[in-house]
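**Q** Let me give you the structure first, and then I'll get to my questions.
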Amino acid sequence: MVFPLLVLGLLSCGTGFIPFAHFVSIGKLEAHSGINWAVAIPGTLVALLGLFLSWYVYGKIQGEQNKNSEGGLSDRIALSLGSFYPLVKNKFYFDEIYLFVTHKIIFRYVAAPIAWFDKRVVDGTVDLSGWIARKVSDAFLSLQTGQLQTYGVWFVLGTIFTLILSVATYMSLLGFGAYIK
Amino acid sequence: MRLMAPEIVLILTALLILIVDFVFLRANKKYLLWLALTGLTGATCFLFLDWGLVSTTLGGRFATDTISSWFKFVFLLATFLTLSFSSNSFESQKKPLTHRGEFLFVMLLTLVVMMFLISSRDLVSLYVSLELATIPLFGLTAWERTEKSSEAGFKYLAIGALGSGFLLYGMGLLYGITGQTDLNLLSSGLAFGGMMPGGVVSEGIAGNPATWFALGLVMAGLGFKLTLFPFHMWAPDAYDGAPTVVTAYLSVASKATGLALAFLFLFQIFSVQLASMNTIIAIFATATMTLGNFAAIKQTNLKRLMAYSSISQAGYLFMGFLGRDQMSVQAMVYYMLVYVVTNLALFSILTLHIQESGNEEVKGLSGFSRTNPLYAFALMLALFGLAGIPPLSGFVGKFFLFSVAAKHGLYWLVFVAAINSTVSLYYYLRLVRQMYIEDPTPSSKALAKQPLMVFGLTVATAASILIGLVPQVYESIGLAAQSWVGLLGR
Amino acid sequence: MGLLSLLIFLPLITAVFVVAAPKQNQVRWIALIGTGLHLALTALTTFKYLTEALAGTSSSDLLTKLFLVEKFDWFSSLGIQYLLGVDGISMAMVILTSIIIFTGVLASWNVENRVKEFFALLLVLVTGVFGVFLSFDLFLFFMFYEVAVLPMYLLIGVWGTGPKEYSAMKLTLMLMIGSAFILVGILALYYTAGAGTGHYSFELNQLAQFKFPQVIQTWVFPIIFIGFGILGALYPFHTWSPDGHASAPTAVSMLHAGVLMKLGGYGALRVAVYLLPEGAKEWGLFFMALTTINILYGAFGAIKQKDLKFFTAYSSVSHCGVVLFGVATLNLMGFKGAILQMFSHGIMTGLFFALIGMVYGRTHTRQIPEMGGLAKVMPWLSVCFYIAGLASLGLPGFSGFIAEAHVFMGGFFGNPWSAALPGRIMTILAAMSIVVTAVYVLRGLGKVFLGPLQDTHHAHLTDATFTEKLTTGILISTMAVVGIYPQWLIELIGTSIYPILNRLH
């Protein structure tokens with residue numbers, strides 16, 4: 001593991017100096033090629049500070065004491081942070097928040113209702129239309145009583161209805177004074 | 001006389017069959033069938049010889065023209081195809097039909113009179129032809145001589161009497177209004193309102209309310225023959241009780257007769273009034289197709305299912321009367337032809353199946369595709385044709401009929417008809433499902449393939465596919481329609 | 001026979017050979033050879049098209065330029081013609097279908113029950129699909145459209161699983177109702193144009209030249225759009241899709257989700273937007289909203305599904321929503337994205353369903369809770385599944401990214417006729433679906449493939465066979481090719497979109 005790290009470390013020391021902007025951009029070079037000191041210096045300082053602090057708290061000098069018991073420097077720092085420390089330790093509970101939001105909220109209150117809605121309501125409407133069609137069919141079939149008298153009555157009623165329709169058409173034509181050839 | 005050649009040939013054939021049947025009592029009855037088919041072919045040949053000839057005889061009472069030629073062809077084709085599978089019923093081992101000679105005699109005579117009907121140009125001959133064409137059908141329905149069959153025949157007769165009665169009443173009124181029985185003179189009389197009380201001839205179609213009253217009565221008679229709602233109620237029982245061969249014939253020939261009657265009344269006699277009848281026609285068409293399709297959804301008996309199916313087809317057909325032009329005539333004649341071949345293809349297989357299995361239920365078709373793959377395939381094609389699925393001609397036919405409705409701006413009707421078509425797909429698919437998806441019952445067996453029936457079936461199935469793809473049939477009907485409409489519009 | 005007619009009818013001819021084959025195990029080879037030939041033919045046609053088209057079209061066209069046209073009068077009294085042609089969009093769709101049917105045949109290698117009828121029906125189905133993509137006469141178009149729907153009933157009803165009769169009937173009837181809508185629309189267009197110009201024709205370009213009155217545009221556009229949308233899984237008419245896909249056998253699902261649902265998007269673009277630009281402008285935002293619901297609804301619905309096929313079906317609803325969303329954006333990027341998404345999702349969903357079929361064939365369960373740790377047992381299939389899943393959430397490098405990028409950018413840019421803000425809000429919402437997709441894909445796949453083996457019976461399952469490797473390989477490489485070098489596809493469809501776009505202006 002060490003050798004790859006060494007190689008990578010060495011390379012990363014030097015690659016910053018390669019002017020990639022020349023090779024990657026199309027046309028004119030953008031104004032912001034090259035290093036931005038305002039960002040680089042504070043960033044590097046903070047990184048070095050972090051390295052030093054962690055070496056100090058967890059490093060060789062304090063290491064023996066930490067391994068043995070409570071009461072090492074890191075534990076004292078943890079205690080002094082108080083209730084803030086568990087928050088940091090659990091990465092600000094981000095993972096728990098994510099899981100909570102997705103499982104309890106989105107899955108339960110969004111996804112599941114949608115799946116239910118689709119199955120029951122939308123699909124249900126389609127099934128309902130099928131049910132209605134079957135009921136209508138039953139109704140129509142029940143008209144066919146098999147009795148001749150029924151048929152006769154329907155026939156006569158039908159004729160009367162047709163006559164009404166017919167005369168109604170005539171009357172509507174009267175209104176237009178039809179002289180159609 | 002030459003004009004009536006097809007009809008005369010048929011009459012002679014019918015008489016010959018009867019005589020041969022009496023004289024040669026021991027002979028194989030099959031020869032009678034061949035005799036009938038020969039007569040039919042001969043009549044068709046004569047028809048083709050004088051195809052489209054526009055002429056009259058018998059003092060103008062009998063006329064031929066392009067559309068009458070097509071109708072006669074449809075009638076002849078229907079009878080030919082029906083007879084081709086009739087031997088299923090007559091030569092079956094299980095409860096065959098009897099009295100073949102008389103059956104053929106009656107059927108041929110019905111056919112002859114139907115042909116006379118479309119050629120009638122006089123109220124009296126029209127009515128006589130109509131009655132002569134319908135009454136034998138009552139007898140044919142009761143042919144099985146069982147209780148069920150007789151009941152079916154009787155119901156048909158009773159409702160038929162009602163229909164004829166109203167029709168006659170209407171025709172009487174028409175005579176009273178115009179004083180004419182010749183159809184041409186009648187229609188001109190109606191166009192000008194006819195005679196008012198007091199002997200005054202009035203102008204304008206609104207002149208005489210009696211015209212519209214007569215129209216209403218005539219519609220009752222038409223509705224009976226074309227199985228429009230609410231005059232259709234005889235149909236399910238009649239189709240159910242009749243021998244399946246007769247059911248097949250009823251579903252095509254009776255409907256074609258109804259269409260011919262409607263052509264004569266609506267296009268010829270009431271031609272002027274027809275322009276204002278769109279609402280009435282739309283109402284009847286919608287009611288009929290809706291009733292037919294929805295009732296069929298839950299129907300489990302094959303013959304009753306086909307009855308409702310043909311009621312709904314009449315609904316689609318009736319939409320054609322929304323227009324008075326070439327396109328309407330063309331669409332309706334075309335659809336009639338398509339309907340005849342598709343329905344008869346279907347019935348030829350159903351007849352065989354019902355006769356041999358004795359089972360009239362939809363469930364009886366379970367696994368039909370395993371026991372009889374070719375028959376099942378042909379049946380499926382016929383069902384799809386009725387449902388209006390391309391590339392079968394049923395699709396093309398329905399498309400053109402719907403176009404008539406669209407042309408007159410009744411898009412809601414097109415929509416209703418299209419939805420109805422979808423609903424019909426449901427119950428046709430039910431049959432397909434039984435055949436293809438369900439497993440066969442242990443008792444089902446392969447059905448015999450009789451050469452004549454297979455011939456008829458092949459002709460019908462091929463026609464139901466080709467008529468939709470090859471435009472010549474439609475175009476030639478169009479030309480016929482054009483000249484006919486030209487004749488009408490004086 | 002012209003090249004395009006051959007493209008359409010080659011599957012039908014193959015079907016005839018399939019039915020005539022004397023032995024059952026020859027059937028799949030015949031089908032494979034037939035579809036393989038078809039792939040070659042498609043490649044040839046693409047080449048021919050590219051050579052002719054790139055010279056012949058320009059970005060200012062107002063009418064779709066058709067190439068390799070075959071034209072015969074059919075029902076001349078009604079102005080119906082047998083009119084075939086190809087433009088970039090059609091070409092892309094034909095390529096998609098060719099690939100899917102070929103891999104579909106491969107994926108159905110192990111069908112045992114009534115093999116002849118199965119392959120014959122598949123081939124008839126695909127004939128209808130090719131016909132739709134290549135017809136430019138509305139009557140012919142509609143006819144092929146119906147031919148493409150009907151065989152589904154038998155395919156699902158006979159060879160499906162689960163409540164197959166119910167699913168098959170629901171699918172068929174709902175799609176037929178869609179056809180009813182389309183029929184009303186087509187007839188309305190035909191008669192209005194005919195009455196206006198005195199010349200009745202069903203030809204697409206003829207109808208395009210007529211400027212339909214606003215009233216007609218307002219009520220016919222939604223009818224036709226919804227009619228096609230029912231097939232394209234437009235909300236709320238998508239309910240046939242979950243049951244249909246779940247019950248269908250593998251190759252049928254591949255064809256259906258991969259190709260047939262694209263007919264909906266294609267028709268919406270080709271007929272509704274092309275012929276009725278004013279109507280499209282009026283209804284654009286409304287349909288954008290519906291499709292946004294589609295995208296999110298499908299994605300959320302997929303999270304809670306326990307059945308792997310339902311899971312994929314909802315995912316398809318979501319992705320097909322992206323297609324229609326692209327169409328509703330009414331700008332160049334959106335249209336391009338819509339067609340790219342049609343192609344990309346077609347391949348991807350074909351891959352998904354093929355894989356599900358392979359897994360199901362081994363574990364005999366589709367329930368996610370019953371499966372786990374399968375990556376140990378079937379590494380090839382797991383990797384393919386993951387690739388498919390990642391492609392579906394739009395991972396760059398695969399075609400899904402290109403397509404969704406175009407669509408969302410198009411949605412964001414908006415169009416000159418609608419308010420920008422609603423469009424942008426909807427685009428943001430739709431883009432969020434990527435996250436939701438990631439959730440259900442990664443969760444679902446994780447549950448099935450990662451972790452310990454759920455069922456010890458699964459320990460002895462085999463990994464992919466050669467045919468399966470071939471199937472998945474072809475599909476994945478297509479996705480990768482389009483993802484890494486989409487230029488060829490974008491150029492293919494590029495100029496063909498201009499006529500549609502120009503008419504909007």
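A note on labels: chains of the structure tokens are A, B, ... as shown, every chain counts residues from 1, and ligands are counted from 1 in their shown order.
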Within 9 Å of chain A, which residues of chain C show up? Give each one with its shortest atom-to-atom distance in Å (one decimal) and the two atoms involved, counting only C-alpha atoms, rows by chain then rising residue number, as a Markdown table.
**A**
```
| residue | atom | partner | partner_atom | distance |
| --- | --- | --- | --- | --- |
| C:Lys170 | CA | A:Val126 | CA | 8.3 |
| C:Met174 | CA | A:Val126 | CA | 8.8 |
| C:Pro236 | CA | A:Val122 | CA | 7.0 |
| C:Phe237 | CA | A:Val122 | CA | 8.2 |
| C:His238 | CA | A:Val122 | CA | 8.8 |
| C:Thr239 | CA | A:Asp123 | CA | 5.8 |
| C:Trp240 | CA | A:Asp123 | CA | 8.1 |
| C:Tyr297 | CA | A:Ile114 | CA | 6.8 |
| C:Gly298 | CA | A:Ile114 | CA | 8.7 |
| C:Ala299 | CA | A:Ala111 | CA | 8.5 |
| C:Phe300 | CA | A:Ala111 | CA | 4.7 |
| C:Gly301 | CA | A:Ala115 | CA | 4.6 |
| C:Ala302 | CA | A:Ala115 | CA | 7.5 |
| C:Ile303 | CA | A:Ala111 | CA | 6.3 |
| C:Lys304 | CA | A:Ala112 | CA | 5.9 |
| C:Gln305 | CA | A:Ala115 | CA | 7.6 |
```
**Q** Would you save the residues from that selection as a compact mmCIF listing (two decimals), in the first residue's frame, using N, CA, C and O atoms?
**A**
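Here's the written file out23.txt:
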```txt
# COMPACT_ATOMS: atom_id res chain seq x y z
N LYS C 170 -57.91 -6.48 -20.90
CA LYS C 170 -57.84 -5.07 -20.53
C LYS C 170 -56.95 -4.31 -21.50
O LYS C 170 -57.30 -3.24 -21.99
N MET C 174 -58.49 -1.46 -24.00
CA MET C 174 -58.07 -0.08 -23.80
C MET C 174 -57.36 0.46 -25.03
O MET C 174 -57.56 1.60 -25.44
N PRO C 236 -53.97 9.59 -17.37
CA PRO C 236 -54.22 8.40 -16.56
C PRO C 236 -54.66 7.18 -17.34
O PRO C 236 -55.40 6.37 -16.83
N PHE C 237 -54.20 7.08 -18.60
CA PHE C 237 -54.68 5.96 -19.40
C PHE C 237 -53.67 4.84 -19.47
O PHE C 237 -53.70 4.02 -20.37
N HIS C 238 -52.75 4.84 -18.52
CA HIS C 238 -51.63 3.92 -18.60
C HIS C 238 -51.91 2.59 -17.93
O HIS C 238 -51.04 1.72 -17.94
N THR C 239 -53.08 2.41 -17.32
CA THR C 239 -53.26 1.27 -16.43
C THR C 239 -53.22 -0.09 -17.11
O THR C 239 -53.08 -1.10 -16.44
N TRP C 240 -53.36 -0.10 -18.42
CA TRP C 240 -53.25 -1.40 -19.06
C TRP C 240 -51.82 -1.90 -18.99
O TRP C 240 -51.55 -3.10 -19.09
N TYR C 297 -45.07 9.90 -11.34
CA TYR C 297 -45.99 8.87 -10.85
C TYR C 297 -45.42 7.49 -11.12
O TYR C 297 -45.40 6.61 -10.25
N GLY C 298 -44.94 7.32 -12.35
CA GLY C 298 -44.38 6.01 -12.68
C GLY C 298 -43.19 5.70 -11.81
O GLY C 298 -43.04 4.60 -11.29
N ALA C 299 -42.34 6.74 -11.59
CA ALA C 299 -41.14 6.51 -10.80
C ALA C 299 -41.49 6.17 -9.36
O ALA C 299 -40.98 5.21 -8.77
N PHE C 300 -42.39 6.98 -8.76
CA PHE C 300 -42.76 6.69 -7.37
C PHE C 300 -43.48 5.36 -7.25
O PHE C 300 -43.29 4.63 -6.29
N GLY C 301 -44.33 5.09 -8.25
CA GLY C 301 -45.08 3.84 -8.18
C GLY C 301 -44.16 2.64 -8.21
O GLY C 301 -44.47 1.60 -7.63
N ALA C 302 -43.01 2.81 -8.87
CA ALA C 302 -42.12 1.66 -9.00
C ALA C 302 -41.45 1.30 -7.69
O ALA C 302 -41.02 0.17 -7.50
N ILE C 303 -41.34 2.28 -6.80
CA ILE C 303 -40.57 2.03 -5.58
C ILE C 303 -41.18 0.90 -4.78
O ILE C 303 -40.48 0.03 -4.27
N LYS C 304 -42.50 0.93 -4.66
CA LYS C 304 -43.12 0.00 -3.74
C LYS C 304 -43.48 -1.33 -4.36
O LYS C 304 -44.15 -2.15 -3.74
N GLN C 305 -43.11 -1.55 -5.60
CA GLN C 305 -43.53 -2.79 -6.24
C GLN C 305 -42.68 -3.95 -5.78
O GLN C 305 -41.48 -3.86 -5.67
```
**Q** Out of stretch 179-268 of chain C, which residues get alpha helix (DSSP H) from DSSP, as a PyMOL selection string?
**A** chain C and resi 179-197+204-208+214-231+240-247+250-255+261-267
**Q** Determine the nearest neighbour of chain B from the options A:Ala139, A:Cys13, A:Leu5, A:Ala38, counting only C-alpha atoms.
**A**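 Closest candidate: A:Ala139.
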**Q** I'd like the contact shell of stretch 338-352 of chain B - 6 Å cut-off, only C-alpha atoms, skipping same-chain residues fewer than 3 positions apart - returned as number ranges by chain.
**A** B: 85, 88, 244, 248, 252, 335, 355, 379, 382, 457, 460, 464
**Q** Please identify all polymer residues within 7 Å of C:Tyr190, counting only C-alpha atoms, omitting same-chain residues fewer than 4 positions from it, and present them as a list in words.
**A**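 Using only C-alpha atoms, the neighbours found are Ile186, Gly194, Tyr200, Ser201 and Phe202 of chain C.
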**Q** List as JSON lines every residue of chain C that is in contact with chain B, defined as an atom at most 7 Å from one of its atoms (using only C-alpha atoms), together with the nearest atom pair and the distance in Å rounded to one decimal, sorted by chain and then rising number.
**A**
```
{"residue": "C:Trp74", "atom": "CA", "partner": "B:Pro471", "partner_atom": "CA", "distance": 6.0}
{"residue": "C:Phe75", "atom": "CA", "partner": "B:Pro471", "partner_atom": "CA", "distance": 5.4}
{"residue": "C:Met143", "atom": "CA", "partner": "B:Pro390", "partner_atom": "CA", "distance": 5.7}
{"residue": "C:Glu146", "atom": "CA", "partner": "B:Pro390", "partner_atom": "CA", "distance": 6.4}
{"residue": "C:Val147", "atom": "CA", "partner": "B:Pro390", "partner_atom": "CA", "distance": 6.0}
{"residue": "C:Gly157", "atom": "CA", "partner": "B:Ile437", "partner_atom": "CA", "distance": 6.4}
{"residue": "C:Val158", "atom": "CA", "partner": "B:Ile437", "partner_atom": "CA", "distance": 5.1}
{"residue": "C:Leu173", "atom": "CA", "partner": "B:Thr422", "partner_atom": "CA", "distance": 6.4}
{"residue": "C:Met176", "atom": "CA", "partner": "B:Thr422", "partner_atom": "CA", "distance": 6.0}
{"residue": "C:Ile177", "atom": "CA", "partner": "B:Ile419", "partner_atom": "CA", "distance": 6.3}
{"residue": "C:Ala180", "atom": "CA", "partner": "B:Ala418", "partner_atom": "CA", "distance": 5.1}
{"residue": "C:Val184", "atom": "CA", "partner": "B:Phe415", "partner_atom": "CA", "distance": 6.1}
{"residue": "C:Leu187", "atom": "CA", "partner": "B:Ala406", "partner_atom": "CA", "distance": 6.4}
{"residue": "C:Ala188", "atom": "CA", "partner": "B:Ala406", "partner_atom": "CA", "distance": 6.7}
{"residue": "C:Tyr191", "atom": "CA", "partner": "B:Lys407", "partner_atom": "CA", "distance": 6.1}
```
